[in-house]
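Structure data follow from input.pdb (PDB, C-alpha atoms, pLDDT in the B column):
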```pdb
ATOM      1  CA  PRO A   1      14.708 -30.608 -18.973  1.00 35.00           C
ATOM      2  CA  PRO A   2      16.731 -27.854 -17.284  1.00 36.00           C
ATOM      3  CA  HIS A   3      14.651 -25.427 -15.214  1.00 34.00           C
ATOM      4  CA  SER A   4      11.546 -27.609 -15.528  1.00 33.00           C
ATOM      5  CA  ARG A   5      11.021 -27.291 -11.792  1.00 36.00           C
ATOM      6  CA  PRO A   6      11.733 -24.468  -9.375  1.00 36.00           C
ATOM      7  CA  PRO A   7      14.468 -24.985  -6.806  1.00 40.00           C
ATOM      8  CA  PRO A   8      13.160 -25.743  -3.309  1.00 42.00           C
ATOM      9  CA  THR A   9      12.232 -22.597  -1.409  1.00 39.00           C
ATOM     10  CA  ARG A  10      14.146 -23.732   1.657  1.00 43.00           C
ATOM     11  CA  ALA A  11      17.316 -24.080  -0.418  1.00 42.00           C
ATOM     12  CA  MET A  12      16.809 -20.520  -1.690  1.00 47.00           C
ATOM     13  CA  GLY A  13      17.083 -19.311   1.889  1.00 53.00           C
ATOM     14  CA  GLU A  14      16.915 -15.621   2.611  1.00 75.00           C
ATOM     15  CA  GLN A  15      18.684 -14.417  -0.534  1.00 81.00           C
ATOM     16  CA  ALA A  16      15.687 -14.207  -2.843  1.00 85.00           C
ATOM     17  CA  LYS A  17      13.017 -13.112  -0.379  1.00 86.00           C
ATOM     18  CA  PRO A  18      13.829  -9.378  -0.604  1.00 89.00           C
ATOM     19  CA  LEU A  19      13.283  -9.622  -4.378  1.00 92.00           C
ATOM     20  CA  LEU A  20       9.872 -11.249  -4.147  1.00 90.00           C
ATOM     21  CA  PRO A  21       7.714  -8.115  -3.665  1.00 92.00           C
ATOM     22  CA  PHE A  22       9.182  -6.576  -6.826  1.00 94.00           C
ATOM     23  CA  LEU A  23       8.823  -9.771  -8.851  1.00 93.00           C
ATOM     24  CA  GLN A  24       5.218 -10.149  -7.746  1.00 91.00           C
ATOM     25  CA  ARG A  25       4.399  -6.567  -8.683  1.00 94.00           C
ATOM     26  CA  GLY A  26       5.959  -7.146 -12.094  1.00 94.00           C
ATOM     27  CA  ASP A  27       3.728 -10.167 -12.548  1.00 92.00           C
ATOM     28  CA  GLU A  28       0.591  -8.318 -11.415  1.00 91.00           C
ATOM     29  CA  LEU A  29       1.219  -5.229 -13.534  1.00 93.00           C
ATOM     30  CA  GLN A  30       2.310  -6.911 -16.775  1.00 92.00           C
ATOM     31  CA  ARG A  31      -1.034  -6.472 -18.522  1.00 91.00           C
ATOM     32  CA  ALA A  32      -2.021  -3.154 -16.961  1.00 92.00           C
ATOM     33  CA  ASP A  33       1.324  -1.410 -17.464  1.00 94.00           C
ATOM     34  CA  PRO A  34       4.176  -3.338 -19.130  1.00 95.00           C
ATOM     35  CA  LYS A  35       6.661  -0.508 -18.582  1.00 96.00           C
ATOM     36  CA  VAL A  36       6.186  -0.375 -14.809  1.00 96.00           C
ATOM     37  CA  ALA A  37       6.212  -4.187 -14.710  1.00 96.00           C
ATOM     38  CA  TYR A  38       9.523  -4.187 -16.587  1.00 97.00           C
ATOM     39  CA  TYR A  39      11.141  -1.780 -14.139  1.00 97.00           C
ATOM     40  CA  CYS A  40       9.881  -3.754 -11.135  1.00 96.00           C
ATOM     41  CA  ARG A  41      11.639  -6.821 -12.530  1.00 95.00           C
ATOM     42  CA  MET A  42      14.720  -4.855 -13.545  1.00 96.00           C
ATOM     43  CA  PHE A  43      15.056  -3.515 -10.007  1.00 95.00           C
ATOM     44  CA  ALA A  44      14.781  -7.052  -8.613  1.00 94.00           C
ATOM     45  CA  CYS A  45      17.378  -8.272 -11.099  1.00 94.00           C
ATOM     46  CA  GLU A  46      19.841  -5.509 -10.236  1.00 93.00           C
ATOM     47  CA  GLU A  47      19.357  -6.105  -6.520  1.00 92.00           C
ATOM     48  CA  GLY A  48      19.914  -9.820  -7.041  1.00 93.00           C
ATOM     49  CA  MET A  49      23.067  -9.187  -9.053  1.00 92.00           C
ATOM     50  CA  ARG A  50      24.452  -7.164  -6.141  1.00 90.00           C
ATOM     51  CA  THR A  51      24.080 -10.159  -3.837  1.00 89.00           C
ATOM     52  CA  SER A  52      27.435 -11.567  -2.840  1.00 88.00           C
ATOM     53  CA  ASP A  53      28.076 -15.313  -2.665  1.00 89.00           C
ATOM     54  CA  LYS A  54      25.018 -16.155  -4.761  1.00 89.00           C
ATOM     55  CA  THR A  55      23.572 -19.598  -4.181  1.00 87.00           C
ATOM     56  CA  PRO A  56      23.025 -21.819  -7.239  1.00 87.00           C
ATOM     57  CA  GLU A  57      19.293 -21.298  -6.769  1.00 86.00           C
ATOM     58  CA  MET A  58      19.707 -17.526  -6.801  1.00 89.00           C
ATOM     59  CA  ARG A  59      21.726 -17.801 -10.013  1.00 90.00           C
ATOM     60  CA  GLU A  60      18.945 -19.867 -11.535  1.00 89.00           C
ATOM     61  CA  LEU A  61      16.317 -17.317 -10.550  1.00 90.00           C
ATOM     62  CA  LEU A  62      18.387 -14.479 -12.014  1.00 92.00           C
ATOM     63  CA  SER A  63      18.895 -16.459 -15.216  1.00 93.00           C
ATOM     64  CA  LEU A  64      15.151 -16.836 -15.617  1.00 91.00           C
ATOM     65  CA  LEU A  65      14.627 -13.195 -14.768  1.00 93.00           C
ATOM     66  CA  VAL A  66      17.141 -12.043 -17.402  1.00 94.00           C
ATOM     67  CA  LEU A  67      15.245 -14.081 -19.978  1.00 94.00           C
ATOM     68  CA  GLN A  68      11.954 -12.588 -18.881  1.00 94.00           C
ATOM     69  CA  LEU A  69      13.342  -9.059 -19.141  1.00 96.00           C
ATOM     70  CA  GLU A  70      14.552  -9.771 -22.672  1.00 95.00           C
ATOM     71  CA  LYS A  71      11.188 -11.265 -23.596  1.00 94.00           C
ATOM     72  CA  THR A  72       9.108  -8.369 -22.239  1.00 95.00           C
ATOM     73  CA  LYS A  73      11.384  -5.474 -23.246  1.00 95.00           C
ATOM     74  CA  PRO A  74       9.847  -4.946 -26.720  1.00 95.00           C
ATOM     75  CA  SER A  75       6.359  -4.480 -25.246  1.00 94.00           C
ATOM     76  CA  ALA A  76       7.551  -2.221 -22.407  1.00 95.00           C
ATOM     77  CA  GLY A  77       7.777   0.872 -24.607  1.00 95.00           C
ATOM     78  CA  LEU A  78      11.043   2.038 -23.073  1.00 95.00           C
ATOM     79  CA  GLN A  79      12.275   5.555 -23.804  1.00 95.00           C
ATOM     80  CA  GLY A  80      15.145   7.354 -22.099  1.00 90.00           C
ATOM     81  CA  ALA A  81      15.996   6.899 -18.424  1.00 90.00           C
ATOM     82  CA  GLU A  82      14.724  10.380 -17.533  1.00 91.00           C
ATOM     83  CA  GLU A  83      11.398   9.875 -19.308  1.00 94.00           C
ATOM     84  CA  ASP A  84      10.917   6.412 -17.851  1.00 95.00           C
ATOM     85  CA  GLU A  85      11.754   7.570 -14.330  1.00 94.00           C
ATOM     86  CA  ALA A  86       9.093  10.288 -14.620  1.00 94.00           C
ATOM     87  CA  TYR A  87       6.634   7.714 -15.965  1.00 96.00           C
ATOM     88  CA  VAL A  88       7.205   5.255 -13.105  1.00 96.00           C
ATOM     89  CA  GLU A  89       7.080   8.056 -10.530  1.00 95.00           C
ATOM     90  CA  ASN A  90       3.777   9.298 -11.941  1.00 95.00           C
ATOM     91  CA  PHE A  91       2.374   5.763 -11.805  1.00 96.00           C
ATOM     92  CA  ALA A  92       3.388   5.456  -8.139  1.00 96.00           C
ATOM     93  CA  LEU A  93       1.879   8.846  -7.306  1.00 96.00           C
ATOM     94  CA  ARG A  94      -1.409   7.900  -8.957  1.00 95.00           C
ATOM     95  CA  LEU A  95      -1.528   4.676  -6.936  1.00 95.00           C
ATOM     96  CA  PHE A  96      -0.778   6.598  -3.753  1.00 97.00           C
ATOM     97  CA  ALA A  97      -3.440   9.220  -4.496  1.00 96.00           C
ATOM     98  CA  LYS A  98      -6.042   6.533  -5.216  1.00 95.00           C
ATOM     99  CA  ALA A  99      -5.261   4.687  -1.982  1.00 96.00           C
ATOM    100  CA  ASP A 100      -5.275   7.905   0.041  1.00 97.00           C
ATOM    101  CA  LYS A 101      -8.624   8.973  -1.422  1.00 96.00           C
ATOM    102  CA  LEU A 102     -10.194   5.607  -0.575  1.00 96.00           C
ATOM    103  CA  ASP A 103      -8.692   5.682   2.916  1.00 97.00           C
ATOM    104  CA  ARG A 104      -9.928   9.196   3.674  1.00 96.00           C
ATOM    105  CA  GLY A 105     -13.308   8.308   2.189  1.00 96.00           C
ATOM    106  CA  GLY A 106     -13.733   5.557   4.777  1.00 94.00           C
ATOM    107  CA  ARG A 107     -12.819   2.532   2.665  1.00 94.00           C
ATOM    108  CA  ARG A 108     -10.157   1.049   4.919  1.00 94.00           C
ATOM    109  CA  ASP A 109     -10.146  -2.499   3.619  1.00 93.00           C
ATOM    110  CA  ALA A 110      -7.647  -4.987   2.199  1.00 92.00           C
ATOM    111  CA  LYS A 111      -7.867  -3.436  -1.278  1.00 92.00           C
ATOM    112  CA  THR A 112      -6.807  -0.030   0.017  1.00 94.00           C
ATOM    113  CA  ALA A 113      -4.010  -1.645   2.023  1.00 94.00           C
ATOM    114  CA  LYS A 114      -2.784  -3.385  -1.135  1.00 93.00           C
ATOM    115  CA  LEU A 115      -2.816  -0.133  -3.119  1.00 94.00           C
ATOM    116  CA  PHE A 116      -0.684   1.577  -0.473  1.00 95.00           C
ATOM    117  CA  TYR A 117       1.663  -1.410  -0.382  1.00 95.00           C
ATOM    118  CA  VAL A 118       2.087  -1.525  -4.161  1.00 94.00           C
ATOM    119  CA  ALA A 119       2.701   2.238  -4.211  1.00 95.00           C
ATOM    120  CA  SER A 120       5.512   1.804  -1.664  1.00 95.00           C
ATOM    121  CA  ILE A 121       7.098  -0.947  -3.769  1.00 95.00           C
ATOM    122  CA  VAL A 122       6.909   1.025  -7.027  1.00 96.00           C
ATOM    123  CA  ILE A 123       8.429   4.073  -5.321  1.00 96.00           C
ATOM    124  CA  GLU A 124      11.349   1.891  -4.211  1.00 95.00           C
ATOM    125  CA  THR A 125      12.055   0.939  -7.837  1.00 96.00           C
ATOM    126  CA  LEU A 126      12.846   4.603  -8.564  1.00 95.00           C
ATOM    127  CA  ARG A 127      16.194   3.971  -6.863  1.00 93.00           C
ATOM    128  CA  GLN A 128      17.428   2.181  -9.995  1.00 93.00           C
ATOM    129  CA  PHE A 129      17.454   5.386 -12.043  1.00 90.00           C
ATOM    130  CA  ASP A 130      20.410   7.769 -12.251  1.00 74.00           C
ATOM    131  CA  VAL A 131      22.753   5.264 -10.610  1.00 62.00           C
ATOM    132  CA  SER A 132      26.387   6.315 -10.328  1.00 55.00           C
ATOM    133  CA  ASN A 133      29.379   4.259  -9.214  1.00 50.00           C
ATOM    134  CA  GLY A 134      27.107   1.344  -8.368  1.00 53.00           C
ATOM    135  CA  ALA A 135      25.280   3.332  -5.665  1.00 57.00           C
ATOM    136  CA  LYS A 136      21.494   3.428  -5.706  1.00 65.00           C
ATOM    137  CA  HIS A 137      19.718   6.658  -6.546  1.00 74.00           C
ATOM    138  CA  GLU A 138      18.414   8.534  -3.507  1.00 85.00           C
ATOM    139  CA  LEU A 139      14.704   9.278  -3.421  1.00 90.00           C
ATOM    140  CA  SER A 140      13.567  12.873  -3.156  1.00 90.00           C
ATOM    141  CA  ASP A 141      12.339  13.928   0.288  1.00 91.00           C
ATOM    142  CA  GLU A 142       8.779  13.985  -1.044  1.00 92.00           C
ATOM    143  CA  MET A 143       8.925  10.479  -2.488  1.00 94.00           C
ATOM    144  CA  ALA A 144      10.762   9.058   0.526  1.00 94.00           C
ATOM    145  CA  GLY A 145       8.062  10.504   2.777  1.00 95.00           C
ATOM    146  CA  LYS A 146       5.281   9.059   0.644  1.00 96.00           C
ATOM    147  CA  GLN A 147       7.003   5.679   0.617  1.00 95.00           C
ATOM    148  CA  ARG A 148       7.287   5.596   4.413  1.00 95.00           C
ATOM    149  CA  TYR A 149       3.685   6.669   4.809  1.00 96.00           C
ATOM    150  CA  ALA A 150       2.378   4.184   2.220  1.00 96.00           C
ATOM    151  CA  ALA A 151       4.242   1.270   3.811  1.00 95.00           C
ATOM    152  CA  TRP A 152       3.083   2.293   7.294  1.00 96.00           C
ATOM    153  CA  ARG A 153      -0.540   2.815   6.276  1.00 96.00           C
ATOM    154  CA  ALA A 154      -0.595  -0.476   4.353  1.00 94.00           C
ATOM    155  CA  GLY A 155       0.534  -2.248   7.512  1.00 94.00           C
ATOM    156  CA  GLU A 156      -2.030  -0.454   9.681  1.00 95.00           C
ATOM    157  CA  LEU A 157      -4.912  -1.294   7.349  1.00 95.00           C
ATOM    158  CA  ALA A 158      -3.809  -4.883   6.777  1.00 94.00           C
ATOM    159  CA  LYS A 159      -3.459  -5.512  10.511  1.00 93.00           C
ATOM    160  CA  ALA A 160      -6.911  -4.103  11.231  1.00 94.00           C
ATOM    161  CA  ASN A 161      -8.385  -6.202   8.428  1.00 92.00           C
ATOM    162  CA  ARG A 162      -6.783  -9.387   9.801  1.00 92.00           C
ATOM    163  CA  GLU A 163      -8.137  -8.605  13.255  1.00 93.00           C
ATOM    164  CA  GLY A 164     -11.643  -8.012  11.924  1.00 94.00           C
ATOM    165  CA  ARG A 165     -11.837  -4.360  12.899  1.00 94.00           C
ATOM    166  CA  THR A 166     -11.904  -1.006  11.135  1.00 92.00           C
ATOM    167  CA  ALA A 167      -8.595   0.839  11.144  1.00 94.00           C
ATOM    168  CA  ALA A 168      -8.299   4.224  12.810  1.00 94.00           C
ATOM    169  CA  PRO A 169      -8.668   7.171  10.428  1.00 94.00           C
ATOM    170  CA  PRO A 170      -5.500   8.435   8.734  1.00 94.00           C
ATOM    171  CA  PRO A 171      -3.728  11.565  10.007  1.00 92.00           C
ATOM    172  CA  GLU A 172      -5.411  14.797   9.022  1.00 86.00           C
ATOM    173  CA  GLU A 173      -4.142  16.253   5.777  1.00 76.00           C
ATOM    174  CA  GLY A 174      -1.453  18.771   6.600  1.00 63.00           C
ATOM    175  CA  GLU A 175      -0.084  16.775   9.531  1.00 62.00           C
ATOM    176  CA  ASP A 176       3.435  15.409   9.226  1.00 51.00           C
ATOM    177  CA  GLU A 177       2.373  12.045   7.857  1.00 55.00           C
ATOM    178  CA  SER A 178       5.874  10.758   7.162  1.00 51.00           C
ATOM    179  CA  ALA A 179       6.940  11.539  10.729  1.00 52.00           C
ATOM    180  CA  SER A 180       3.908   9.644  12.015  1.00 51.00           C
ATOM    181  CA  ALA A 181       4.852   6.691   9.836  1.00 52.00           C
ATOM    182  CA  ALA A 182       8.490   6.800  10.932  1.00 50.00           C
ATOM    183  CA  ARG A 183       7.517   6.771  14.605  1.00 44.00           C
ATOM    184  CA  THR A 184       5.242   3.795  14.079  1.00 45.00           C
ATOM    185  CA  THR A 185       7.588   1.728  11.902  1.00 42.00           C
ATOM    186  CA  GLY A 186      10.852   2.659  13.537  1.00 40.00           C
ATOM    187  CA  GLY A 187      12.151   4.670  10.616  1.00 40.00           C
ATOM    188  CA  GLY A 188      10.412   3.483   7.500  1.00 39.00           C
ATOM    189  CA  GLY A 189      11.074   0.836   4.886  1.00 42.00           C
ATOM    190  CA  THR A 190       8.626  -1.080   2.762  1.00 43.00           C
ATOM    191  CA  ALA A 191       6.047  -3.388   4.226  1.00 40.00           C
ATOM    192  CA  GLY A 192       7.373  -6.908   4.474  1.00 41.00           C
ATOM    193  CA  GLY A 193       6.043 -10.200   3.181  1.00 41.00           C
ATOM    194  CA  GLY A 194       5.202 -12.035   6.391  1.00 38.00           C
ATOM    195  CA  ALA A 195       3.388 -15.351   6.602  1.00 36.00           C
ATOM    196  CA  GLY A 196       2.912 -17.277   3.405  1.00 40.00           C
ATOM    197  CA  MET A 197       6.069 -15.865   1.811  1.00 41.00           C
ATOM    198  CA  ASP A 198       7.537 -19.293   1.068  1.00 47.00           C
ATOM    199  CA  ASP A 199       4.360 -20.519  -0.628  1.00 50.00           C
ATOM    200  CA  GLU A 200       4.067 -17.315  -2.651  1.00 46.00           C
ATOM    201  CA  TYR A 201       7.698 -17.537  -3.710  1.00 47.00           C
ATOM    202  CA  GLU A 202       7.441 -21.167  -4.768  1.00 51.00           C
ATOM    203  CA  SER A 203       4.281 -20.443  -6.768  1.00 52.00           C
ATOM    204  CA  PHE A 204       5.886 -17.432  -8.446  1.00 50.00           C
ATOM    205  CA  LEU A 205       9.086 -19.237  -9.385  1.00 49.00           C
ATOM    206  CA  SER A 206       7.145 -22.226 -10.686  1.00 52.00           C
ATOM    207  CA  GLU A 207       5.099 -19.989 -12.987  1.00 52.00           C
ATOM    208  CA  LEU A 208       8.200 -18.116 -14.129  1.00 51.00           C
ATOM    209  CA  THR A 209       9.932 -21.392 -14.943  1.00 49.00           C
ATOM    210  CA  ASP A 210       6.955 -22.750 -16.867  1.00 50.00           C
ATOM    211  CA  ASN A 211       6.719 -19.585 -18.941  1.00 48.00           C
ATOM    212  CA  LEU A 212      10.370 -19.269 -19.865  1.00 46.00           C
ATOM    213  CA  GLY A 213      11.887 -22.729 -20.054  1.00 42.00           C
ATOM    214  CA  LYS A 214      15.673 -22.795 -20.238  1.00 36.00           C
ATOM    215  CA  GLY A 215      17.625 -20.067 -18.478  1.00 37.00           C
ATOM    216  CA  ALA A 216      20.653 -18.025 -19.448  1.00 37.00           C
ATOM    217  CA  GLY A 217      23.913 -17.792 -17.584  1.00 37.00           C
ATOM    218  CA  VAL A 218      24.228 -15.300 -14.756  1.00 39.00           C
ATOM    219  CA  PRO A 219      27.600 -13.946 -13.655  1.00 37.00           C
TER
END
```

As structure tokens, please, write out the structure in this file.
Amino acid sequence: PPHSRPPPTRAMGEQAKPLLPFLQRGDELQRADPKVAYYCRMFACEEGMRTSDKTPEMRELLSLLVLQLEKTKPSAGLQGAEEDEAYVENFALRLFAKADKLDRGGRRDAKTAKLFYVASIVIETLRQFDVSNGAKHELSDEMAGKQRYAAWRAGELAKANREGRTAAPPPEEGEDESASAARTTGGGGTAGGGAGMDDEYESFLSELTDNLGKGAGVP
């Protein structure tokens, strides 16, 4: 039957990889917070729709994603854009605060790295709100700084964990943390996927396909 198997990851190429972190967060957060999960997927969908010269595989992914958004919308508890933006921002800030507390308390492990990473991804989804003329919403200086710091700190902790060592302590509170992150990362951005991305993508798309069955058309 149509969409019974995911398209090969190699055929998907680079087009879908930037969407993967948002799709994965949507999957992870579905039970804990359906609204945030919905907006993670919506952001991925909108980013995918902006892609020019979509491959057939990208169209298939977007078709499945549109179906998933329709399926999960009733349970997402959506309100107005302003209320939902505040809700998603508060969720991201709580994640950031939790990660920062663990980090400063000496727990510099993979779990803390993941919390920082997820916070950076959720902050990025705030760009879908208050969109005008097709341009993405700019983050406030505060949120942009927290996003840079979260992505940087996630990378620092993850690297130390992979190398079997304890990461250096975070900057003292009150220091310019976002500037420290920008110097280290070359200007910011969210932490990337890295090794294992293809396997993760194939697994994700396979599960999405199994759950949804036939797709809908994508322009």

Subject >> Chain and number of each residue from the PyMOL selection byres ((chain A and resi 88-90) around 12), as a ChimeraX atom specification >> reply: /A:33-40,76,78-79,81-87,91-97,119-129,139-140,142-144,146-147

**OP:** Given the file shown, determine the residues that the PyMOL selection byres ((chain A and resi 154) around 12) selects; report them as a ChimeraX atom specification.
**Re:** /A:96,99-100,103,108-121,146-153,155-161,167,170,181,185,189-193

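Put simply, atom CA of Glu28 of chain A is 18.0 Å away from atom CA of Val66 of chain A.
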
**OP:** Carefully work through the PyMOL selection byres ((chain A and resi 44-52) around 10) for this structure and note down the residues it includes, as number ranges by chain.
**Re:** A: 15-16, 18-23, 26, 38-43, 53-55, 58-59, 61-66, 69, 125, 128, 134, 136, 218-219

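Here atom CA of Gly106 of chain A and atom CA of Gly145 of chain A stand 22.4 Å from one another.
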
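Atom CA of Lys73 of chain A is found 17.3 Å from atom CA of Gln24 of chain A.
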